[in-house]
Amino acid sequence: MSVPGTGPQVLAFDDIVVDFDAHRLCKAGADVALEPKAFAVLRTMLERPGHAFGRDELLDAVWGHRHVTPGVLVRVVGLIRKSLGDDHERYLQTVHGVGYRFVLPAGRAGADVPLPAAALPAVAPVPAARRVLHERRVGPRRHSLARLLALSTLLLVLAVAWSWRDAGAPPTADDDAAPTAAPAAVSPPALLAVLPLRALGDDPRGQDFADGLSEEMITTLARIDGLRVSARSASFRYREAALPLVEVARRLGASHVLEGSVRQDGARLRIALRLVDVAADRAVWSESFDRRVEDLFAVQSEIAQAVAEVLRLRMVLQASPTASEDPALYRRFLLARQLSANAAGNDLVPAAKAEAALRALVADHPDYARAWGALAVLQFDRSVRPRAGNDALLMDAERLAARALALDPAQPDALAVIAGQACREQRWSDCLAQSRRAVRLAPSDVGSRLRLALRQAQMGYVEMGLQELQGALVIHPDSGGLYMAQGRLLDTLGRHDEARVSLARASPARSRTARVLNAFWREDWADARAISLSHPRDDHWRASQLATLDAIADPARWPAALSLIEVSENTASSEGERVSYNFMRMWLPERDYARDVAGLDQTQKAGFSSYQLVFWQPGQGALRQSAPFRTYVRESGLLALWRAEGWLSMCRAEGADDFRCD
């Protein structure tokens with residue numbers, strides 16, 4: 001957009017100013033943050049105002065169509081509209097069946113209008129490396145002891161992350177940002193695995209403490225744009241494995257591994273770290289830190305400078321922040337939380353121990369947001385398992401999360417819980433916003449990414465949810481839960497053979513219903529029967545599945561099948577769980593769409609997000625065109641969501657107030 005000799009090229013319309021050279025957007029005289037890819041889309045469209053851009057045209061122009069799906073574009077368009085305050089598509093309009101068009105107000109037919117640079121408010125530039133460090137300090141100061149580890153390794157891989165992005169890694173939302181550091185002296189990692197620190201010494205809880213520090217380090221490193229870090233649950237399983245480091249890295253898909261040890265002797269803490277380039281089979285950095293616990297904050301700059309010298313980085317380091325968290329309290333929190341590390345499922349004993357330890361902690365320190373958040377997510381994870389008393393657990397989780405957020409609005413565990421509450425209450429925009437924020441704050445938390453993916457899919461953004469799962473599988477390549485969800489979304493998109501492969505990698509016990517449904521959609525009735533018969537006789541859905549298969553072979557048996565379907569919907573399972581919709585309804589010869597919609601609405605409000613995927617199945621066009629579904633879309637708020645976030649591939653606006661789904 002620049003013209004030689006004319007200075008910065010700026011476009012102004014209404015109260016909006018776009019400076020293309022400075023890569024800035026202002027509204028009403030204030031800078032508006034817009035991620036690089038979103039700005040690139042905005043610029044592309046402003047260069048040809050009025051032109052109807054196809055979705056593929058924009059994806060090619062901005063992303064080169066690499067590793068992206070249309071759902072990415074939908075999200076970016078939503079960001080642009082939000083930044084412009086364009087709730088009613090005054091500027092950025094959807095062109096149904098084509099893509100998008102940017103319409104300038106009357107009198108502004110071109111996008112190359114030079115204005116003086118003073119038209120924009122002056123903002124001092126922040127080097128990219130400093131900006132990352134500054135953003136980590138926004139809000140209440142947390143992770144005090146873990147900063148010692150995380151800050152040193154964060155700076156170690158900071159320049160590496162930027163150079164890796166430029167070397168051809170899959171693009172991310174912010175991959176246009178330019179690094180300010182000199183090239184690093186190590187090979188750029190595609191994926192970093194942080195192995196659990198080994199505890200040295202005689203402390204009986206020393207390993208729990210070391211595990212907590214390792215988890216905090218993973219969380220902090222994963223926040224670096226462009227750097228992928230293996231999930232805790234992926235790397236921790238190799239703690240006791242008698243495997244060479246290169247084999248552990250191969251299984252995790254990692255090019256670099258960070259390992260080390262920690263010893264605490266009274267007031268002294270010794271931490272030794274080593275970063276290994278797996279391909280070169282050598283350590284590219286190692287350091288030991290021997291300090292008093294109370295002095296850890298004061299030595300952060302010293303550690304960071306030492307790492308910077310190793311990597312020959314040129315950066316200005318800010319002074320270490322004043323400690324705002326008691327290291328002894330932080331250690332107590334880590335020990336309590338580690339009791340719940342594997343307690344989200346059916347293992348009730350450690351869950352109860354973790355709950356007791358965390359409740360004792362908040363009783364002694366009622367203003368400690370970390371502990372309230374950990375309690376909230378513990379109760380939330382326990383509530384999603386099929387057992388009696390789930391409603392009470394869920395209510396407790398939401399109350400605890402609200403307390404945590406009142407103390408710290410950026411507490412990631414609490415955000416994940418509150419997002420689920422917003423979804424159950426069908427506050428869709430809040431649900432998406434809080435779910436995305438939880439992932440941004442803890443990108444290596446596979447649970448948060450899984451929940452975001454399923455929530456996106458239940459709102460109709462199935463491709464977007466699938467992309468989120470694919471990103472999660474990069475950092476946890478052998479997660480049965482992720483493969484289970486991936487199979488469900490692939491089935492929802494009609495990709496049943498691919499779904500079958502994914503479901504085969506999920507937990508057999510957790511995926512048994514999903515595998516039966518996959519066989520139904522593939523119309524492999526023999527396989528469906530074999531899978532259903534392999535389930536325990538007290539499986540809640542087994543009888544209705546077998547009866548439906550009988551009715552498909554002999555239509556005279558449909559009344560009996562319907563009776564068993566209704567029984568399953570009106571009785572609780574052996575674990576005390578009751579679900580008001582049975583998937584077998586999709587094969588009934590005469591559908592009751594009002595009953596389908598009502599049942600799916602109830603299951604969604606109860607927190608069963610995957611049931612609502614029925615709405616988006618390729619073969620459910622008649623359901624989507626039915627009056628009950630259209631009423632549901634309006635009354636549940638989905639229609640308002642689609643208008644704000646972007647339309648689905650199968651649903652589009654008709655006129656000012658109507659819509660149509662295929």
# chains A, B, ... in the order shown; residues from 1 in each chain; ligands from 1

call {"tool": "residues_around", "arguments": {"residues": "segment 506-518 of chain A", "least_positions_apart": "2", "cutoff": "6 Å", "atoms": "only C-alpha atoms", "output": "mmCIF file with N, CA, C and O atoms, in the first residue's frame"}}
result
data_model
loop_
_atom_site.group_PDB
_atom_site.id
_atom_site.type_symbol
_atom_site.label_atom_id
_atom_site.label_comp_id
_atom_site.auth_asym_id
_atom_site.auth_seq_id
_atom_site.Cartn_x
_atom_site.Cartn_y
_atom_site.Cartn_z
ATOM 1 N N GLY A 480 -5.868 -41.153 24.663
ATOM 2 C CA GLY A 480 -7.094 -41.854 24.288
ATOM 3 C C GLY A 480 -8.302 -40.938 24.267
ATOM 4 O O GLY A 480 -9.169 -41.058 23.401
ATOM 5 N N TYR A 483 -8.331 -38.938 21.027
ATOM 6 C CA TYR A 483 -8.716 -39.758 19.874
ATOM 7 C C TYR A 483 -10.203 -40.087 19.904
ATOM 8 O O TYR A 483 -10.852 -40.170 18.854
ATOM 9 N N MET A 484 -10.732 -40.259 21.097
ATOM 10 C CA MET A 484 -12.171 -40.478 21.222
ATOM 11 C C MET A 484 -12.945 -39.273 20.665
ATOM 12 O O MET A 484 -13.866 -39.410 19.847
ATOM 13 N N LEU A 503 -11.139 -43.914 16.680
ATOM 14 C CA LEU A 503 -11.796 -44.575 17.812
ATOM 15 C C LEU A 503 -11.062 -45.837 18.234
ATOM 16 O O LEU A 503 -11.115 -46.232 19.406
ATOM 17 N N ALA A 504 -10.368 -46.474 17.293
ATOM 18 C CA ALA A 504 -9.600 -47.669 17.638
ATOM 19 C C ALA A 504 -8.437 -47.340 18.566
ATOM 20 O O ALA A 504 -7.921 -48.222 19.261
ATOM 21 N N PHE A 520 -22.873 -48.126 12.861
ATOM 22 C CA PHE A 520 -24.208 -47.797 12.339
ATOM 23 C C PHE A 520 -24.093 -46.848 11.148
ATOM 24 O O PHE A 520 -24.727 -47.048 10.113
ATOM 25 N N TRP A 521 -23.281 -45.790 11.301
ATOM 26 C CA TRP A 521 -23.162 -44.823 10.210
ATOM 27 C C TRP A 521 -22.487 -45.430 8.988
ATOM 28 O O TRP A 521 -22.759 -45.015 7.861
ATOM 29 N N ALA A 528 -21.618 -53.594 13.974
ATOM 30 C CA ALA A 528 -22.354 -52.922 15.044
ATOM 31 C C ALA A 528 -22.863 -53.936 16.066
ATOM 32 O O ALA A 528 -22.772 -53.712 17.285
#

call {"tool": "atom_distance", "arguments": {"atom1": "atom CA of Trp63 of chain A", "atom2": "atom CA of Glu463 of chain A"}}
result
16.9 Å

call {"tool": "closest_residue", "arguments": {"among": "A:Leu213, A:Phe583, A:Leu613, A:Ala472", "to": "Gly494 of chain A", "atoms": "only C-alpha atoms"}}
result
A:Leu613

call {"tool": "residues_around", "arguments": {"residues": "Ala560 of chain A", "least_positions_apart": "6", "cutoff": "10 Å", "atoms": "only C-alpha atoms", "output": "number ranges by chain"}}
result
A: 544, 547-548, 550-551

call {"tool": "select_by_dssp", "arguments": {"residues": "segment 413-655 of chain A", "states": "helix (DSSP H, G or I)", "output": "number ranges by chain"}}
result
A: 413-424, 428-441, 446-458, 462-475, 480-492, 496-504, 512-521, 525-534, 542-553, 555-570, 583-587, 593-605, 609-616, 618-624, 627-636, 638-645

call {"tool": "residues_around", "arguments": {"residues": "segment 358-361 of chain A", "least_positions_apart": "3", "cutoff": "7 Å", "atoms": "only C-alpha atoms", "output": "ChimeraX atom specification"}}
result
/A:336,354-355,364-365,371,375

call {"tool": "write_last_selection", "arguments": {"atoms": "C-alpha atoms", "output": "mmCIF file, in the first residue's frame"}}
result
data_model
loop_
_atom_site.group_PDB
_atom_site.id
_atom_site.type_symbol
_atom_site.label_atom_id
_atom_site.label_comp_id
_atom_site.auth_asym_id
_atom_site.auth_seq_id
_atom_site.Cartn_x
_atom_site.Cartn_y
_atom_site.Cartn_z
ATOM 1 C CA ALA A 336 -1.769 -30.566 47.504
ATOM 2 C CA ALA A 354 -6.480 -33.738 47.223
ATOM 3 C CA GLU A 355 -9.796 -32.125 48.079
ATOM 4 C CA ASP A 364 -5.772 -21.112 56.197
ATOM 5 C CA HIS A 365 -5.290 -18.743 53.238
ATOM 6 C CA ALA A 371 -5.987 -23.184 45.517
ATOM 7 C CA LEU A 375 -10.366 -27.124 43.900
#

call {"tool": "atom_distance", "arguments": {"atom1": "atom CA of Val278 of chain A", "atom2": "atom CA of Leu243 of chain A"}}
result
13.8 Å

call {"tool": "atom_distance", "arguments": {"atom1": "atom CA of Gln458 of chain A", "atom2": "atom CA of Ala374 of chain A"}}
result
26.3 Å

call {"tool": "closest_residue", "arguments": {"among": "A:Val246, A:Leu73, A:Val257, A:Leu415", "to": "Ile218 of chain A", "atoms": "only C-alpha atoms"}}
result
A:Val257
